[in-house]
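What follows is the content of query12.pdb (PDB, C-alpha atoms).
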```pdb
ATOM      1  CA  MET A   1      41.400  54.365 128.381
ATOM      2  CA  GLU A   2      43.556  54.008 125.350
ATOM      3  CA  THR A   3      41.983  56.022 122.548
ATOM      4  CA  ARG A   4      44.843  56.121 120.094
ATOM      5  CA  ARG A   5      43.680  54.961 116.667
ATOM      6  CA  ASP A   6      45.787  53.187 114.150
ATOM      7  CA  VAL A   7      45.174  52.590 110.532
ATOM      8  CA  PHE A   8      44.704  48.869 110.925
ATOM      9  CA  GLN A   9      41.979  49.293 113.498
ATOM     10  CA  ALA A  10      40.345  51.746 111.148
ATOM     11  CA  ILE A  11      40.205  49.370 108.209
ATOM     12  CA  ALA A  12      39.171  46.348 110.262
ATOM     13  CA  ASP A  13      35.562  47.487 109.829
ATOM     14  CA  PRO A  14      33.865  46.687 106.492
ATOM     15  CA  THR A  15      31.794  49.891 106.454
ATOM     16  CA  ARG A  16      34.904  51.969 106.913
ATOM     17  CA  ARG A  17      36.646  50.080 104.119
ATOM     18  CA  GLU A  18      33.685  50.849 101.910
ATOM     19  CA  ILE A  19      33.822  54.531 102.892
ATOM     20  CA  ILE A  20      37.510  54.568 102.004
ATOM     21  CA  ARG A  21      36.724  52.992  98.670
ATOM     22  CA  VAL A  22      34.076  55.544  97.702
ATOM     23  CA  ILE A  23      36.109  58.576  98.663
ATOM     24  CA  THR A  24      39.186  57.187  96.973
ATOM     25  CA  GLU A  25      37.224  57.441  93.758
ATOM     26  CA  LYS A  26      35.973  60.948  94.441
ATOM     27  CA  ASN A  27      36.152  63.512  97.234
ATOM     28  CA  MET A  28      32.727  63.717  98.777
ATOM     29  CA  THR A  29      30.854  65.672 101.391
ATOM     30  CA  LEU A  30      29.859  63.894 104.540
ATOM     31  CA  ASN A  31      26.239  64.014 103.413
ATOM     32  CA  GLY A  32      27.201  62.632 100.031
ATOM     33  CA  VAL A  33      28.877  59.684 101.708
ATOM     34  CA  ALA A  34      25.969  59.130 104.087
ATOM     35  CA  GLU A  35      23.509  58.946 101.192
ATOM     36  CA  LEU A  36      25.331  55.914  99.816
ATOM     37  CA  PHE A  37      24.826  53.846 102.943
ATOM     38  CA  ASP A  38      21.810  52.362 104.637
ATOM     39  CA  ILE A  39      22.928  53.406 108.067
ATOM     40  CA  SER A  40      22.312  56.665 109.901
ATOM     41  CA  ARG A  41      24.205  59.820 109.096
ATOM     42  CA  GLN A  42      25.375  59.820 112.698
ATOM     43  CA  ALA A  43      26.883  56.343 112.283
ATOM     44  CA  ILE A  44      28.657  57.422 109.091
ATOM     45  CA  SER A  45      29.887  60.509 110.838
ATOM     46  CA  ASN A  46      31.391  58.342 113.591
ATOM     47  CA  HIS A  47      33.107  56.106 111.046
ATOM     48  CA  VAL A  48      34.534  59.121 109.257
ATOM     49  CA  LYS A  49      35.687  60.517 112.576
ATOM     50  CA  ILE A  50      37.665  57.323 113.229
ATOM     51  CA  LEU A  51      39.132  57.493 109.746
ATOM     52  CA  THR A  52      40.243  61.082 110.285
ATOM     53  CA  GLU A  53      41.670  60.285 113.711
ATOM     54  CA  CYS A  54      43.965  57.685 112.249
ATOM     55  CA  GLY A  55      44.939  59.983 109.411
ATOM     56  CA  LEU A  56      43.368  58.009 106.571
ATOM     57  CA  VAL A  57      40.835  60.696 105.732
ATOM     58  CA  ILE A  58      41.216  64.445 105.717
ATOM     59  CA  ILE A  59      38.303  66.856 105.996
ATOM     60  CA  ASN A  60      38.572  69.962 103.844
ATOM     61  CA  PRO A  61      36.049  72.694 104.528
ATOM     62  CA  LYS A  62      34.891  74.355 101.338
ATOM     63  CA  GLY A  63      32.356  77.113 101.909
ATOM     64  CA  ARG A  64      29.692  75.567 104.063
ATOM     65  CA  GLU A  65      30.498  72.031 102.998
ATOM     66  CA  ARG A  66      33.046  69.706 104.493
ATOM     67  CA  TYR A  67      34.685  67.468 101.944
ATOM     68  CA  CYS A  68      36.214  64.112 102.822
ATOM     69  CA  ALA A  69      39.391  63.221 100.986
ATOM     70  CA  ILE A  70      41.794  60.313 101.256
ATOM     71  CA  ASN A  71      45.224  60.902 102.675
ATOM     72  CA  PRO A  72      47.314  59.000 100.143
ATOM     73  CA  GLU A  73      50.330  58.755 102.446
ATOM     74  CA  THR A  74      48.433  56.837 105.086
ATOM     75  CA  LEU A  75      46.637  54.713 102.536
ATOM     76  CA  LYS A  76      50.052  53.743 101.239
ATOM     77  CA  GLU A  77      50.958  52.472 104.669
ATOM     78  CA  VAL A  78      48.109  49.992 104.341
ATOM     79  CA  ALA A  79      48.817  49.082 100.748
ATOM     80  CA  THR A  80      52.410  48.289 101.598
ATOM     81  CA  TRP A  81      51.306  45.095 103.220
ATOM     82  CA  VAL A  82      50.443  43.340  99.965
ATOM     83  CA  GLU A  83      52.853  45.376  97.907
ATOM     84  CA  PRO A  84      55.848  43.033  98.372
ATOM     85  CA  TYR A  85      53.843  40.055  97.137
ATOM     86  CA  LYS A  86      52.700  41.973  94.120
ATOM     87  CA  LYS A  87      56.135  43.312  93.366
ATOM     88  CA  LEU A  88      57.566  39.813  93.487
ATOM     89  CA  TRP A  89      55.196  38.711  90.748
ATOM     90  CA  GLU A  90      55.828  41.797  88.685
ATOM     91  CA  ARG A  91      59.539  41.122  88.763
ATOM     92  CA  ARG A  92      59.011  37.519  87.783
ATOM     93  CA  LEU A  93      56.796  38.555  84.901
ATOM     94  CA  ASP A  94      59.411  41.083  83.754
ATOM     95  CA  LYS A  95      61.792  38.183  83.534
ATOM     96  CA  LEU A  96      59.227  35.986  81.822
ATOM     97  CA  GLY A  97      58.643  38.694  79.203
ATOM     98  CA  GLY A  98      62.350  38.801  78.468
ATOM     99  CA  LEU A  99      62.479  35.025  78.246
ATOM    100  CA  LEU A 100      59.604  34.917  75.759
ATOM    101  CA  ASP A 101      61.274  37.526  73.556
ATOM    102  CA  GLU A 102      64.446  35.491  73.641
ATOM    103  CA  LEU A 103      62.703  32.229  72.796
ATOM    104  CA  GLN A 104      61.077  33.803  69.784
ATOM    105  CA  THR A 105      64.107  35.489  68.329
ATOM    106  CA  GLY A 106      65.950  32.216  68.804
ATOM    107  CA  ASN A 107      68.783  33.753  70.819
TER
ATOM    108  CA  MET B   1      43.558  42.355 101.345
ATOM    109  CA  ASN B   2      42.813  38.793 100.389
ATOM    110  CA  LYS B   3      43.804  38.913  96.774
ATOM    111  CA  ILE B   4      46.665  40.000  94.573
ATOM    112  CA  GLU B   5      46.263  40.271  90.856
ATOM    113  CA  VAL B   6      48.928  40.939  88.273
ATOM    114  CA  ILE B   7      48.085  41.164  84.580
ATOM    115  CA  ARG B   8      50.687  41.176  81.837
ATOM    116  CA  THR B   9      50.602  41.142  78.059
ATOM    117  CA  PHE B  10      53.340  39.196  76.313
ATOM    118  CA  ASN B  11      54.382  39.310  72.687
ATOM    119  CA  ALA B  12      54.097  35.578  72.310
ATOM    120  CA  PRO B  13      51.416  33.042  71.417
ATOM    121  CA  VAL B  14      49.479  31.347  74.226
ATOM    122  CA  SER B  15      51.086  27.974  73.493
ATOM    123  CA  LEU B  16      54.536  29.382  74.213
ATOM    124  CA  VAL B  17      53.496  31.303  77.338
ATOM    125  CA  TRP B  18      51.838  28.093  78.552
ATOM    126  CA  LYS B  19      55.119  26.220  78.167
ATOM    127  CA  THR B  20      56.883  28.587  80.558
ATOM    128  CA  TRP B  21      54.803  26.928  83.288
ATOM    129  CA  THR B  22      55.125  23.328  82.159
ATOM    130  CA  GLU B  23      58.761  22.945  81.040
ATOM    131  CA  PRO B  24      61.165  22.852  83.999
ATOM    132  CA  GLU B  25      64.017  24.458  82.075
ATOM    133  CA  LEU B  26      61.759  27.400  81.232
ATOM    134  CA  VAL B  27      60.290  27.725  84.741
ATOM    135  CA  MET B  28      63.878  27.948  86.027
ATOM    136  CA  ARG B  29      64.486  30.958  83.860
ATOM    137  CA  TRP B  30      61.811  33.191  85.379
ATOM    138  CA  TRP B  31      60.702  31.926  88.819
ATOM    139  CA  GLY B  32      63.524  33.783  90.516
ATOM    140  CA  PRO B  33      62.838  37.529  90.254
ATOM    141  CA  ASP B  34      65.789  39.734  89.349
ATOM    142  CA  HIS B  35      69.001  39.022  91.224
ATOM    143  CA  PHE B  36      67.455  35.766  92.392
ATOM    144  CA  THR B  37      67.926  32.500  90.576
ATOM    145  CA  CYS B  38      65.885  29.366  90.343
ATOM    146  CA  PRO B  39      68.436  26.551  90.548
ATOM    147  CA  SER B  40      65.862  23.767  90.397
ATOM    148  CA  ALA B  41      62.319  23.118  89.239
ATOM    149  CA  ILE B  42      60.865  19.650  89.503
ATOM    150  CA  ILE B  43      57.668  19.868  87.540
ATOM    151  CA  ASP B  44      54.946  17.238  87.709
ATOM    152  CA  PHE B  45      52.308  18.983  85.667
ATOM    153  CA  ARG B  46      49.142  17.007  86.335
ATOM    154  CA  GLU B  47      46.017  17.744  88.323
ATOM    155  CA  GLY B  48      46.578  16.493  91.866
ATOM    156  CA  ALA B  49      50.351  16.324  91.409
ATOM    157  CA  THR B  50      52.937  18.601  92.987
ATOM    158  CA  SER B  51      55.894  20.528  91.577
ATOM    159  CA  ILE B  52      58.806  21.789  93.677
ATOM    160  CA  VAL B  53      60.507  25.035  92.698
ATOM    161  CA  CYS B  54      63.431  26.726  94.336
ATOM    162  CA  MET B  55      64.264  30.393  94.568
ATOM    163  CA  ARG B  56      67.834  31.274  95.554
ATOM    164  CA  ALA B  57      68.580  34.654  97.087
ATOM    165  CA  PRO B  58      71.600  36.594  95.870
ATOM    166  CA  GLN B  59      74.751  36.315  97.989
ATOM    167  CA  SER B  60      74.210  39.845  99.281
ATOM    168  CA  PHE B  61      70.980  38.586 100.886
ATOM    169  CA  GLY B  62      72.506  35.483 102.362
ATOM    170  CA  GLY B  63      72.082  33.202  99.369
ATOM    171  CA  ALA B  64      69.356  31.142 101.020
ATOM    172  CA  ASP B  65      67.158  28.764  99.058
ATOM    173  CA  THR B  66      63.396  29.075  99.436
ATOM    174  CA  PHE B  67      61.434  26.081  98.182
ATOM    175  CA  SER B  68      57.805  26.263  97.183
ATOM    176  CA  ILE B  69      55.432  23.536  96.191
ATOM    177  CA  TRP B  70      52.630  23.954  93.687
ATOM    178  CA  THR B  71      49.844  21.413  94.012
ATOM    179  CA  TYR B  72      47.727  21.584  90.883
ATOM    180  CA  GLN B  73      43.997  21.649  91.327
ATOM    181  CA  LYS B  74      42.863  22.407  87.832
ATOM    182  CA  ILE B  75      44.612  22.399  84.484
ATOM    183  CA  VAL B  76      42.872  23.413  81.260
ATOM    184  CA  PRO B  77      45.520  23.477  78.509
ATOM    185  CA  ASN B  78      46.280  26.949  77.182
ATOM    186  CA  GLN B  79      43.592  28.466  79.389
ATOM    187  CA  ILE B  80      43.979  28.024  83.100
ATOM    188  CA  ILE B  81      46.272  26.643  85.790
ATOM    189  CA  GLU B  82      45.082  26.568  89.379
ATOM    190  CA  PHE B  83      47.378  25.494  92.163
ATOM    191  CA  ILE B  84      48.022  25.880  95.874
ATOM    192  CA  GLN B  85      51.401  27.347  96.774
ATOM    193  CA  ASN B  86      53.113  26.429 100.007
ATOM    194  CA  LEU B  87      56.565  26.963 101.358
ATOM    195  CA  SER B  88      58.356  23.643 101.656
ATOM    196  CA  ASP B  89      61.666  21.961 102.337
ATOM    197  CA  LYS B  90      63.812  20.720  99.477
ATOM    198  CA  ASP B  91      61.899  17.447  99.370
ATOM    199  CA  GLY B  92      58.561  19.166  98.987
ATOM    200  CA  ASN B  93      57.317  18.746 102.546
ATOM    201  CA  LYS B  94      55.258  21.708 103.673
ATOM    202  CA  ILE B  95      56.930  23.838 106.292
ATOM    203  CA  ASN B  96      55.765  26.502 108.656
ATOM    204  CA  PRO B  97      56.836  29.885 107.206
ATOM    205  CA  THR B  98      58.238  31.001 110.566
ATOM    206  CA  GLU B  99      60.826  28.205 110.344
ATOM    207  CA  ILE B 100      62.543  30.123 107.604
ATOM    208  CA  GLY B 101      62.171  33.501 109.236
ATOM    209  CA  MET B 102      58.997  34.667 107.545
ATOM    210  CA  PRO B 103      56.584  36.817 109.543
ATOM    211  CA  PRO B 104      54.209  34.709 111.685
ATOM    212  CA  ASP B 105      51.245  35.642 109.539
ATOM    213  CA  PHE B 106      52.789  34.817 106.198
ATOM    214  CA  PRO B 107      50.014  32.927 104.409
ATOM    215  CA  LEU B 108      50.222  29.139 104.539
ATOM    216  CA  ASP B 109      48.121  28.166 101.560
ATOM    217  CA  ILE B 110      48.176  30.533  98.647
ATOM    218  CA  ARG B 111      45.603  29.577  96.035
ATOM    219  CA  THR B 112      46.977  30.765  92.729
ATOM    220  CA  VAL B 113      45.082  31.041  89.486
ATOM    221  CA  VAL B 114      46.865  31.746  86.221
ATOM    222  CA  THR B 115      44.794  32.462  83.146
ATOM    223  CA  PHE B 116      45.903  32.798  79.530
ATOM    224  CA  LYS B 117      44.055  34.743  76.883
ATOM    225  CA  ASP B 118      44.832  35.018  73.188
ATOM    226  CA  ILE B 119      44.300  38.702  72.437
ATOM    227  CA  GLY B 120      45.273  38.450  68.779
ATOM    228  CA  ASP B 121      48.352  39.774  66.994
ATOM    229  CA  ASN B 122      50.406  36.950  68.458
ATOM    230  CA  GLN B 123      49.890  38.407  71.920
ATOM    231  CA  THR B 124      48.853  36.742  75.153
ATOM    232  CA  GLU B 125      47.351  38.291  78.224
ATOM    233  CA  MET B 126      48.313  36.383  81.334
ATOM    234  CA  THR B 127      46.767  37.044  84.729
ATOM    235  CA  VAL B 128      48.181  35.739  87.985
ATOM    236  CA  THR B 129      45.839  35.950  90.962
ATOM    237  CA  GLU B 130      46.809  34.876  94.447
ATOM    238  CA  TYR B 131      44.100  34.327  97.022
ATOM    239  CA  ALA B 132      45.243  34.108 100.606
ATOM    240  CA  ASP B 133      44.820  35.639 103.969
ATOM    241  CA  PHE B 134      47.699  38.034 103.604
ATOM    242  CA  GLY B 135      47.991  38.615 107.284
ATOM    243  CA  SER B 136      45.195  39.356 109.613
ATOM    244  CA  ILE B 137      45.386  43.112 109.663
ATOM    245  CA  SER B 138      44.889  43.504 113.402
ATOM    246  CA  ASN B 139      47.378  40.770 114.332
ATOM    247  CA  PHE B 140      49.804  42.252 111.921
ATOM    248  CA  ALA B 141      49.592  45.668 113.533
ATOM    249  CA  LYS B 142      50.294  44.061 116.895
ATOM    250  CA  LEU B 143      53.314  42.226 115.583
ATOM    251  CA  GLY B 144      54.908  45.381 114.360
ATOM    252  CA  LEU B 145      54.407  46.443 110.820
ATOM    253  CA  GLU B 146      57.875  47.734 110.249
ATOM    254  CA  GLN B 147      59.619  44.664 111.486
ATOM    255  CA  SER B 148      57.665  42.264 109.337
ATOM    256  CA  ILE B 149      57.955  44.356 106.222
ATOM    257  CA  ALA B 150      61.672  44.689 106.698
ATOM    258  CA  LYS B 151      61.930  40.903 106.813
ATOM    259  CA  MET B 152      59.778  40.384 103.780
ATOM    260  CA  ASP B 153      61.637  43.041 101.925
ATOM    261  CA  VAL B 154      64.814  41.054 102.240
ATOM    262  CA  ILE B 155      63.104  37.985 100.886
ATOM    263  CA  PHE B 156      61.373  39.763  98.070
ATOM    264  CA  LYS B 157      64.091  42.124  96.900
TER
END
```
Structure rendered as structure tokens:
Amino acid sequence: METRRDVFQAIADPTRREIIRVITEKNMTLNGVAELFDISRQAISNHVKILTECGLVIINPKGRERYCAINPETLKEVATWVEPYKKLWERRLDKLGGLLDELQTGN
Amino acid sequence: MNKIEVIRTFNAPVSLVWKTWTEPELVMRWWGPDHFTCPSAIIDFREGATSIVCMRAPQSFGGADTFSIWTYQKIVPNQIIEFIQNLSDKDGNKINPTEIGMPPDFPLDIRTVVTFKDIGDNQTEMTVTEYADFGSISNFAKLGLEQSIAKMDVIFK
């Protein structure tokens, strides 16, 4: 059976997206993450496992604790999808800013 | 991934920023991002009406024209413009994005909301929000991420 995980499979699940969101804000222990959700620690642990398998989350052991952190490189891979649309607008608004300056100085 | 929001502050009063959406000769001066031009903008600025704007790629990207239509849903002067964006032909007929080489999951209807806020000091905060299904993530992965992004990159550069 094919077990290879990809990032898009990983973020298809709303709970996993929420996990990504909370650890993007702050590195957290697995228990810390589990406390934020109404589902079992085991279920959270499985979600985190999927996220680590696809490289979105990295586990850093610190003493006895295991901290979950986001892998920014992989997250970027996901963000890239809307990035072109956003960039397009930003470039238009750059131009619009220039136009407004021009209109006001009467050039 | 169903929303894009871009916020910008301009050193201009709301009334002037508003005009850059309603006056065709002003729309033409910013709708094409850098290196692109906007050779035509037919603006029919009324709720229920449709404008047709064109974005022309630089020669180095083939120089193709991409037409979009904006069908206004809500207009509140100096406050809000809501419209649906679609790709179209030069006459303003909706087209399927794949016909012009866009990825198969390029969104068809992009609901766009532009808001204007007077923040004092002759400054205006403008927010552009696009709501659309920007590709079903799983389909997109199947189609080949790299390939689609490469295509879009050419269009959006």
Checklist entry - chain A residues within 6 Å of chain B, counting only C-alpha atoms: which ones, as a ChimeraX atom specification? => result /A:8,88,91-92,95-96
Next on the checklist: So, with only C-alpha atoms as the atoms that count, which of B:Ala49, B:Ile95, B:Ile100, B:Val76 lies closest to Phe116 in chain B?
Outcome noted: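 Among the listed residues, the smallest separation from Phe116 in chain B belongs to B:Val76.
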Item to check | Residue list as JSON, numbers by chain for point (37.4, 55.5, 102.6), cut-off 9 Å, only C-alpha atoms | outcome: {"A": [11, 15, 16, 17, 18, 19, 20, 21, 22, 23, 24, 48, 51, 56, 57, 68, 69, 70]}
Emit as lines of an AutoDock Vina configuration file the padded axis-aligned box for all listed atoms of range 78-92 of chain B, 8 Å per side, with centre and edge lengths in Å to one decimal.
```
center_x = 53.7
center_y = 23.0
center_z = 89.8
size_x = 36.2
size_y = 27.0
size_z = 41.2
```
Item to check | Residue members of the PyMOL selection byres ((chain B and resi 69) around 8) in the file shown, as a ChimeraX atom specification | outcome: /B:50-53,67-68,70-71,84-88,92,94
Checklist entry - Applied to the shown file, which residues does the PyMOL selection byres ((chain B and resi 117) around 8) return, written as a list in words? => result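 Here the PyMOL selection byres ((chain B and resi 117) around 8) matches Val14, Gln79, Thr115, Phe116, Asp118, Ile119, Thr124, Glu125 and Met126 of chain B.
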Checklist entry - By how many Å are CA of Lys87 in chain A and CA of Cys54 in chain B apart? => result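 Computing it gives 18.1 Å between the two atoms.
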Item to check | Point-to-point distance from CA of Ile58 in chain A to CA of Lys26 in chain A, Å rounded to tenths | outcome: 12.9 Å
Next on the checklist: Using Å and a single decimal, report how far CA of Thr37 in chain B sits from CA of Arg56 in chain B.
Outcome noted: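 Taking CA of Arg56 in chain B and CA of Thr37 in chain B, their separation equals 5.1 Å.
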Next on the checklist: Counting all atoms listed in the file, which residue out of A:Asn71, A:Tyr85, A:Lys76, A:Glu102 sits closest to Glu53 in chain A?
Outcome noted: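 Comparing A:Asn71, A:Tyr85, A:Lys76, A:Glu102 against Glu53 in chain A, the winner is A:Asn71.
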Checklist entry - Of the candidates A:Met28, A:Leu93, A:Lys86, A:Thr105, which one gets nearest to Tyr131 in chain B if we count all atoms listed in the file? => result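 Among the listed residues, A:Lys86 lies closest to Tyr131 in chain B.
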